[in-house]
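Below is one structure, written out as structure tokens, with a few remarks after it.
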Amino acid sequence: MRPLALAYAGALLSMAASAQQAADAAQGEAAQVVVTGSVRERVAAEVPYAIGVVTREELRAAGPMINLSEALARVPGLVVNNRNNYAQDLQISSRGFGSRATFGVRGLRLYSDGIPATMPDGQGQVSHFDLAGASRIEVLRGPFSVLYGNSSGGVIALFSSPVRERQGEVGLDVGSDGLRQLRASVETPLGEGFDLRVSGSTMEFDGYRPQMEAKRHTANVRLGWQGASDRVVVQAGYFNQPAQDPLGLKREEFAANPYGTTSDTVPGRTGVQPLPASYDTRKNAEQSQVGASWKHSFGDDSVVRETQLAAYTGRRSVTQWQSIPPSTQRSSTRQSGGVVDFDREYHGMDARVRWNFGDVDLLTGASYETQGDDRRGYENFLGDPANPTALGVTGLQRRDERNRATTHDAYAQLDWQINPALTASAGVRSGRVTLTTSDRYPVQAGCAANPNSGTLNCDDSGDLAFNYTNPVLGLRWQALPSLQLHASAARGFESPTLTELAYRRSGEGAGFNTALKPQTSRQFEIGAKWRANPWSVDATLFRADVDDEIGVDSNRGGRATYQNVGRTRRQGAELSASFQPAAAWRAQLGLTYLDAAYRDAFTTCTTVLPCNPVTGQNTAQVAAGNRIAGTQRTSAFGEVAWRDAALGEWALEARALGRTAVNDLNSDFADGYVITSLRWIKSWPLGGGRKVELLARVDNLADKVYAGSVIVNEGNARYFETGAPRSFLLGVRVYGGF
């Protein structure tokens, strides 16, 4: 598995490697070069682990290049559900890791050109990924992902295209439900080894449910310099997204009107009102970051082959207005309000050295990451809670604290060519994660005598630190010229996030949740890769046993608490196959079977009312054998495509997902579904080296009503987020030299 630093290599591939990648693309999937998980660049068909590669062409054909869910459904083992709710991030899980997240991404490592989109505490987001500028996305599952450190149940890494020539692109996308997007990019060599790319986009979406409108604005700049032995890349990005939140639906609401919104009694108003509109539920997110990387090559006759140093810094600001009733916020001095507001600064650096000792390639390195959150909470109303003068506003302050997470890591990985047919890979990553909260909100009288009071606003400060060591061992055997067999085993680690540590369990008083422990895993994988024209097949069996799994204790009143729920097991099989019997025809299939279950019983809260696991008040027992919330037993993707020089490429796609458990009690499930899509893409020359490309898509051909994602363990039972109805997209892209 390639450590964190190795993800930076995507932005720093040498000119020779870039030329090789261009040749590889022409030769098809079997020759794709990947860097994720490897000591050095390797052909994807030869790495000793399960990895999926989504190419630039697949990204461009999958949709408007706004969300990862458009193209990543083709990767087995990975589930990327599009909430179609830009106020929440995509719901992403890899072999069941990450499924517990009610918002954002948990349990996975995310990278965009080597800059982590997963913070040191394990929280991540992908909304700022520049898909239009990507050359490929690599998805690593299984044991080798543990070498990326904390919360590495899988790795998703985006790599931007290198600048090769002077060219530009303008793209316009229009689609159903008021989708409009304008994109533009310019790239050019500048001479004396310098090159530059500048890109930007603006998007608007009206949505197919009330309170679903969203806007997104992005800008990215990449400046590179190539010397005889050095490569330097500096990147800067900006992202701004105001979005409304339609909220989830209860089972009866989803059945009655899946394209509506949830309703309830609203203070100061008569009758039942739509909650999203009454509280104007919404989120504003803004992010800016800068990263730089320098790679120096020493040549093939040196023991030290190359060194690399990378650093980045960024800032993310989020304000979110929720639908928490005013009475709930005033019911306790400990309630943090209905408005979440934080500013996050994050920084990191990584240094690595690649060595060669004949048949042994060795990588060593160290990294440092830190995040600091200024987190505030406010009431979402003005006036009397029983009869507020305004809702969906920023009212009195209820929370003020400073959160910090820091990780220090050292790692090593080697590949040993034992003989021409047998290769051993081994690695270890050892580090420490420190999590602290400094509560700056006023402390009430009486806290000295009763610091853990559940009613008084006492000091919620606290800190925890965890050490971890993640080893991995793998073997690759070239059994036949067309057949490779591989096996690997590893130990993984996932710390609680700062959000999960914010509050103690129900019934345990107030303050930082110092009782919450990290979860650890033992992961195993065996697989085969077969390449025999016109077939390409990857098959994998996997298992992960987890101790001290982190799960939900309660989720009520805008305040989620977490607990360790004992042992879990994730096991299953993945199959990826492609078939190209002729130049004009190709087919692709991805299948996943996943059994993700609790092995120990535990107690959880069942309602939005106060609960107490000690007394059994409003609690229920989760039985051993229950499915882990947010997981499905089966998922599949299939595609049949036909290409003609005169008529363009036509393709029929199908995505299937089995039933999804909406909560740990398994009291309800989102039904499984099969969604089909039709696409057509065609390009024409315009002269002067320029082309125009048209993309037309019809998604959800049968106009099926289904839950596109679920909000797991939602305290109000608003689990269901409706998937998009039949939708149309037309994209026009003009690109080429200038």
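Residues are referred to by chain and number: the chain letter is A, B, ... according to the order shown in the structure tokens, the number counts from 1 in that chain, and ligands are numbered separately from 1 in the order shown.
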Worksheet item: Any idea what's packed within 6 Å of Tyr562 in chain A, counting only C-alpha atoms, ignoring anything in its chain fewer than 2 positions away? Could you give it as a list in words?
Response: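 The residues that qualify are Glu500, Gly551, Val552 and Asp553 of chain A.
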Worksheet item: Got a sec: who's within 10 Å of range 409-420 of chain A, counting only C-alpha atoms, leaving out chain neighbours fewer than 3 positions off, as a ChimeraX atom specification?
Response: /A:1-5,37-40,147-150,350-369,423-433,467-478
Determine, counting only C-alpha atoms, which protein, DNA and RNA residues have an atom within 9 Å of an atom of range 330-338 of chain A; residues of the same chain fewer than 4 positions away are not included. Present the result as an mmCIF file with N, CA and C atoms, in the first residue's frame.
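Just written: around-v5.cif:
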data_model
loop_
_atom_site.group_PDB
_atom_site.id
_atom_site.type_symbol
_atom_site.label_atom_id
_atom_site.label_comp_id
_atom_site.auth_asym_id
_atom_site.auth_seq_id
_atom_site.Cartn_x
_atom_site.Cartn_y
_atom_site.Cartn_z
ATOM 1 N N GLN A 320 -24.353 26.218 8.887
ATOM 2 C CA GLN A 320 -25.508 25.399 8.546
ATOM 3 C C GLN A 320 -26.668 25.705 9.482
ATOM 4 N N TRP A 321 -27.833 25.974 8.880
ATOM 5 C CA TRP A 321 -29.056 26.254 9.641
ATOM 6 C C TRP A 321 -29.908 24.992 9.622
ATOM 7 N N GLN A 322 -30.197 24.445 10.831
ATOM 8 C CA GLN A 322 -30.926 23.192 10.968
ATOM 9 C C GLN A 322 -32.366 23.439 11.394
ATOM 10 N N SER A 323 -33.146 22.354 11.495
ATOM 11 C CA SER A 323 -34.580 22.479 11.818
ATOM 12 C C SER A 323 -34.873 22.072 13.258
ATOM 13 N N ILE A 324 -33.931 22.291 14.159
ATOM 14 C CA ILE A 324 -34.142 21.927 15.564
ATOM 15 C C ILE A 324 -35.165 22.878 16.193
ATOM 16 N N PRO A 325 -36.219 22.358 16.836
ATOM 17 C CA PRO A 325 -37.246 23.234 17.419
ATOM 18 C C PRO A 325 -36.662 24.147 18.495
ATOM 19 N N PRO A 326 -37.154 25.389 18.601
ATOM 20 C CA PRO A 326 -36.680 26.317 19.639
ATOM 21 C C PRO A 326 -36.819 25.760 21.044
ATOM 22 N N ARG A 376 -18.631 27.317 16.580
ATOM 23 C CA ARG A 376 -19.638 28.088 17.305
ATOM 24 C C ARG A 376 -21.024 27.504 17.034
ATOM 25 N N GLY A 377 -21.927 27.713 17.968
ATOM 26 C CA GLY A 377 -23.312 27.307 17.796
ATOM 27 C C GLY A 377 -24.240 28.442 18.184
ATOM 28 N N TYR A 378 -25.347 28.577 17.479
ATOM 29 C CA TYR A 378 -26.305 29.654 17.723
ATOM 30 C C TYR A 378 -27.721 29.090 17.670
ATOM 31 N N GLU A 379 -28.635 29.766 18.328
ATOM 32 C CA GLU A 379 -30.043 29.430 18.164
ATOM 33 C C GLU A 379 -30.494 29.813 16.756
ATOM 34 N N ASN A 380 -31.472 29.083 16.241
ATOM 35 C CA ASN A 380 -31.957 29.347 14.890
ATOM 36 C C ASN A 380 -33.263 30.143 14.883
ATOM 37 N N PHE A 381 -33.495 30.895 15.971
ATOM 38 C CA PHE A 381 -34.737 31.666 16.078
ATOM 39 C C PHE A 381 -34.483 32.938 16.863
ATOM 40 N N PRO A 385 -39.332 31.074 22.560
ATOM 41 C CA PRO A 385 -39.346 29.772 21.884
ATOM 42 C C PRO A 385 -40.752 29.280 21.536
ATOM 43 N N GLY A 392 -35.028 30.178 11.259
ATOM 44 C CA GLY A 392 -34.037 30.061 10.193
ATOM 45 C C GLY A 392 -33.080 31.222 10.138
ATOM 46 N N THR A 394 -29.833 33.457 12.555
ATOM 47 C CA THR A 394 -28.762 33.255 13.535
ATOM 48 C C THR A 394 -29.091 34.065 14.780
ATOM 49 N N GLY A 395 -29.411 33.366 15.870
ATOM 50 C CA GLY A 395 -29.838 34.017 17.099
ATOM 51 C C GLY A 395 -28.761 34.023 18.163
ATOM 52 N N LEU A 396 -29.159 33.756 19.408
ATOM 53 C CA LEU A 396 -28.238 33.810 20.534
ATOM 54 C C LEU A 396 -27.177 32.716 20.432
ATOM 55 N N GLN A 397 -25.964 33.038 20.887
ATOM 56 C CA GLN A 397 -24.885 32.061 20.839
ATOM 57 C C GLN A 397 -25.058 31.023 21.940
ATOM 58 N N ARG A 398 -24.788 29.726 21.578
ATOM 59 C CA ARG A 398 -24.916 28.634 22.536
ATOM 60 C C ARG A 398 -23.655 27.774 22.629
ATOM 61 N N ARG A 399 -22.676 28.035 21.802
ATOM 62 C CA ARG A 399 -21.475 27.194 21.782
ATOM 63 C C ARG A 399 -20.295 28.020 21.286
ATOM 64 N N ASP A 400 -19.129 27.798 21.892
ATOM 65 C CA ASP A 400 -17.905 28.490 21.473
ATOM 66 C C ASP A 400 -16.720 27.654 21.948
ATOM 67 N N GLY A 454 -25.820 17.255 33.658
ATOM 68 C CA GLY A 454 -26.467 17.195 32.358
ATOM 69 C C GLY A 454 -27.298 18.423 32.062
ATOM 70 N N THR A 455 -27.441 19.341 33.022
ATOM 71 C CA THR A 455 -28.258 20.528 32.805
ATOM 72 C C THR A 455 -27.449 21.809 32.830
ATOM 73 N N LEU A 456 -26.426 21.870 33.696
ATOM 74 C CA LEU A 456 -25.608 23.073 33.757
ATOM 75 C C LEU A 456 -24.643 23.146 32.578
ATOM 76 N N ASN A 457 -24.300 24.366 32.185
ATOM 77 C CA ASN A 457 -23.331 24.550 31.108
ATOM 78 C C ASN A 457 -21.934 24.573 31.706
ATOM 79 N N CYS A 458 -21.359 23.384 31.852
ATOM 80 C CA CYS A 458 -20.041 23.264 32.447
ATOM 81 C C CYS A 458 -18.976 23.160 31.357
ATOM 82 N N ALA A 510 -22.223 15.371 31.101
ATOM 83 C CA ALA A 510 -21.759 16.247 30.037
ATOM 84 C C ALA A 510 -20.254 16.178 29.892
ATOM 85 N N GLY A 557 -32.264 15.982 18.778
ATOM 86 C CA GLY A 557 -32.133 17.412 19.059
ATOM 87 C C GLY A 557 -30.880 18.033 18.489
ATOM 88 N N GLY A 558 -30.417 17.531 17.352
ATOM 89 C CA GLY A 558 -29.212 18.084 16.766
ATOM 90 C C GLY A 558 -27.942 17.702 17.483
ATOM 91 N N ARG A 559 -28.021 16.695 18.337
ATOM 92 C CA ARG A 559 -26.882 16.306 19.167
ATOM 93 C C ARG A 559 -26.705 14.795 19.099
#
Practice prompt. Return as a ChimeraX atom specification the full set of residues in range 396-500 of chain A whose backbone-based DSSP assignment is strand (DSSP E or B).
Written response: /A:397-419,422-439,462-480,483-494
Discussion item. Quick check, in Å to one decimal: how far apart do CA of Tyr86 in chain A and CA of Val710 in chain A lie?
Written reply: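 So the two atoms, CA of Tyr86 in chain A and CA of Val710 in chain A, lie 14.5 Å apart.
When only C-alpha atoms are used to measure the gap to Gly122 in chain A, the shortest distance among A:Gly348, A:Gly648, A:Gly271, A:Pro496 belongs to A:Pro496.
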Fill in: Top pick for closest residue to Ala219 in chain A, considering A:Tyr312, A:Phe254, A:Phe129, A:Phe602 and counting only C-alpha atoms
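Nearest to Ala219 in chain A: A:Phe129.
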Item to complete: Could you give me the residues within range 22-136 of chain A that DSSP places in alpha helix (DSSP H), as a PyMOL selection string?
Response: chain A and resi 22-27+56-62+69-72
Spatial neighbours of Val537 in chain A, max dist 6 Å, only C-alpha atoms, sep filter under 4 positions, as a compact mmCIF listing (two decimals) with C-alpha atoms, in the first residue's frame:
# COMPACT_ATOMS: atom_id res chain seq x y z
CA LYS A 529 -6.28 -10.82 -12.11
CA TRP A 530 -6.69 -12.39 -15.53
CA SER A 576 -14.86 -6.71 -12.14
CA ALA A 577 -14.88 -7.80 -15.77
Fill in: A:Gly638, A:Gly566, A:Gly178, A:Gly153 ranked by distance to Thr603 in chain A, top pick (using only C-alpha atoms)
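For Thr603 in chain A, the nearest of the candidates is A:Gly566.
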Worksheet item: What does the distance from CA of Trp294 in chain A to CA of Val232 in chain A come to in Å, to one decimal?
Response: 4.5 Å
Discussion item. Please determine, counting only C-alpha atoms, which residue among A:Asp384, A:Asp343, A:Glu286, A:Glu306 has the shortest atom-to-atom distance to Ser327 in chain A.
Written reply: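 Using only C-alpha atoms, Ser327 in chain A sits closest to A:Asp384.
Closest approach to Gly114 in chain A among A:Gly291, A:Pro143, A:Gly372, A:Gly268: A:Gly291, based on only C-alpha atoms.
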Find the residues around Glu253 in chain A up to 12 Å (only C-alpha atoms counted), leave out those fewer than 2 positions away in its own chain, and share them as an mmCIF file with C-alpha atoms, in the first residue's frame.
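That gives us part.cif:
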data_model
loop_
_atom_site.group_PDB
_atom_site.id
_atom_site.type_symbol
_atom_site.label_atom_id
_atom_site.label_comp_id
_atom_site.auth_asym_id
_atom_site.auth_seq_id
_atom_site.Cartn_x
_atom_site.Cartn_y
_atom_site.Cartn_z
ATOM 1 C CA LEU A 247 -34.051 17.095 4.757
ATOM 2 C CA GLY A 248 -34.900 13.407 4.817
ATOM 3 C CA LEU A 249 -38.336 11.813 4.825
ATOM 4 C CA LYS A 250 -40.034 9.421 7.208
ATOM 5 C CA ARG A 251 -41.239 6.094 5.809
ATOM 6 C CA ALA A 255 -44.496 6.447 0.499
ATOM 7 C CA ALA A 256 -47.064 9.247 0.205
ATOM 8 C CA ASN A 257 -44.999 11.920 -1.588
ATOM 9 C CA PRO A 258 -41.356 11.012 -2.274
ATOM 10 C CA TYR A 259 -40.706 14.328 -4.009
ATOM 11 C CA GLY A 260 -42.036 16.423 -1.145
ATOM 12 C CA THR A 261 -40.525 17.464 2.183
ATOM 13 C CA THR A 262 -41.102 16.519 5.795
ATOM 14 C CA SER A 263 -43.681 18.379 7.888
ATOM 15 C CA ASP A 264 -44.298 19.000 11.562
ATOM 16 C CA PRO A 274 -43.006 21.953 5.852
ATOM 17 C CA ALA A 717 -36.749 8.509 11.656
ATOM 18 C CA ARG A 718 -36.290 10.795 8.631
ATOM 19 C CA TYR A 719 -34.055 8.236 6.963
ATOM 20 C CA PHE A 720 -35.005 8.465 3.295
ATOM 21 C CA GLU A 721 -33.530 10.790 0.679
ATOM 22 C CA THR A 722 -35.305 10.419 -2.652
#
Fill in: Long-range neighbours of Tyr503 in chain A as a VMD selection string, 6 Å cut-off, only C-alpha atoms, 2 positions minimum in chain
chain A and resid 501 511 to 513 561
Response to the item:
In Å and to one decimal, CA of Val186 in chain A is distant from CA of Ala243 in chain A by 28.3 Å
Fill in: Shell around Leu90 in chain A at 12 Å using only C-alpha atoms, local window under 6 positions removed, as a ChimeraX atom specification
/A:66-70,72,79-84,98-99,101-106,124-129,708-711,721
Worksheet item: Taking only C-alpha atoms into account, which of A:Tyr706, A:Ser278, A:Ala445, A:Asp671 comes nearest Val393 in chain A?
Response: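 Looking at the shortest contact to Val393 in chain A, the residue is A:Ser278.
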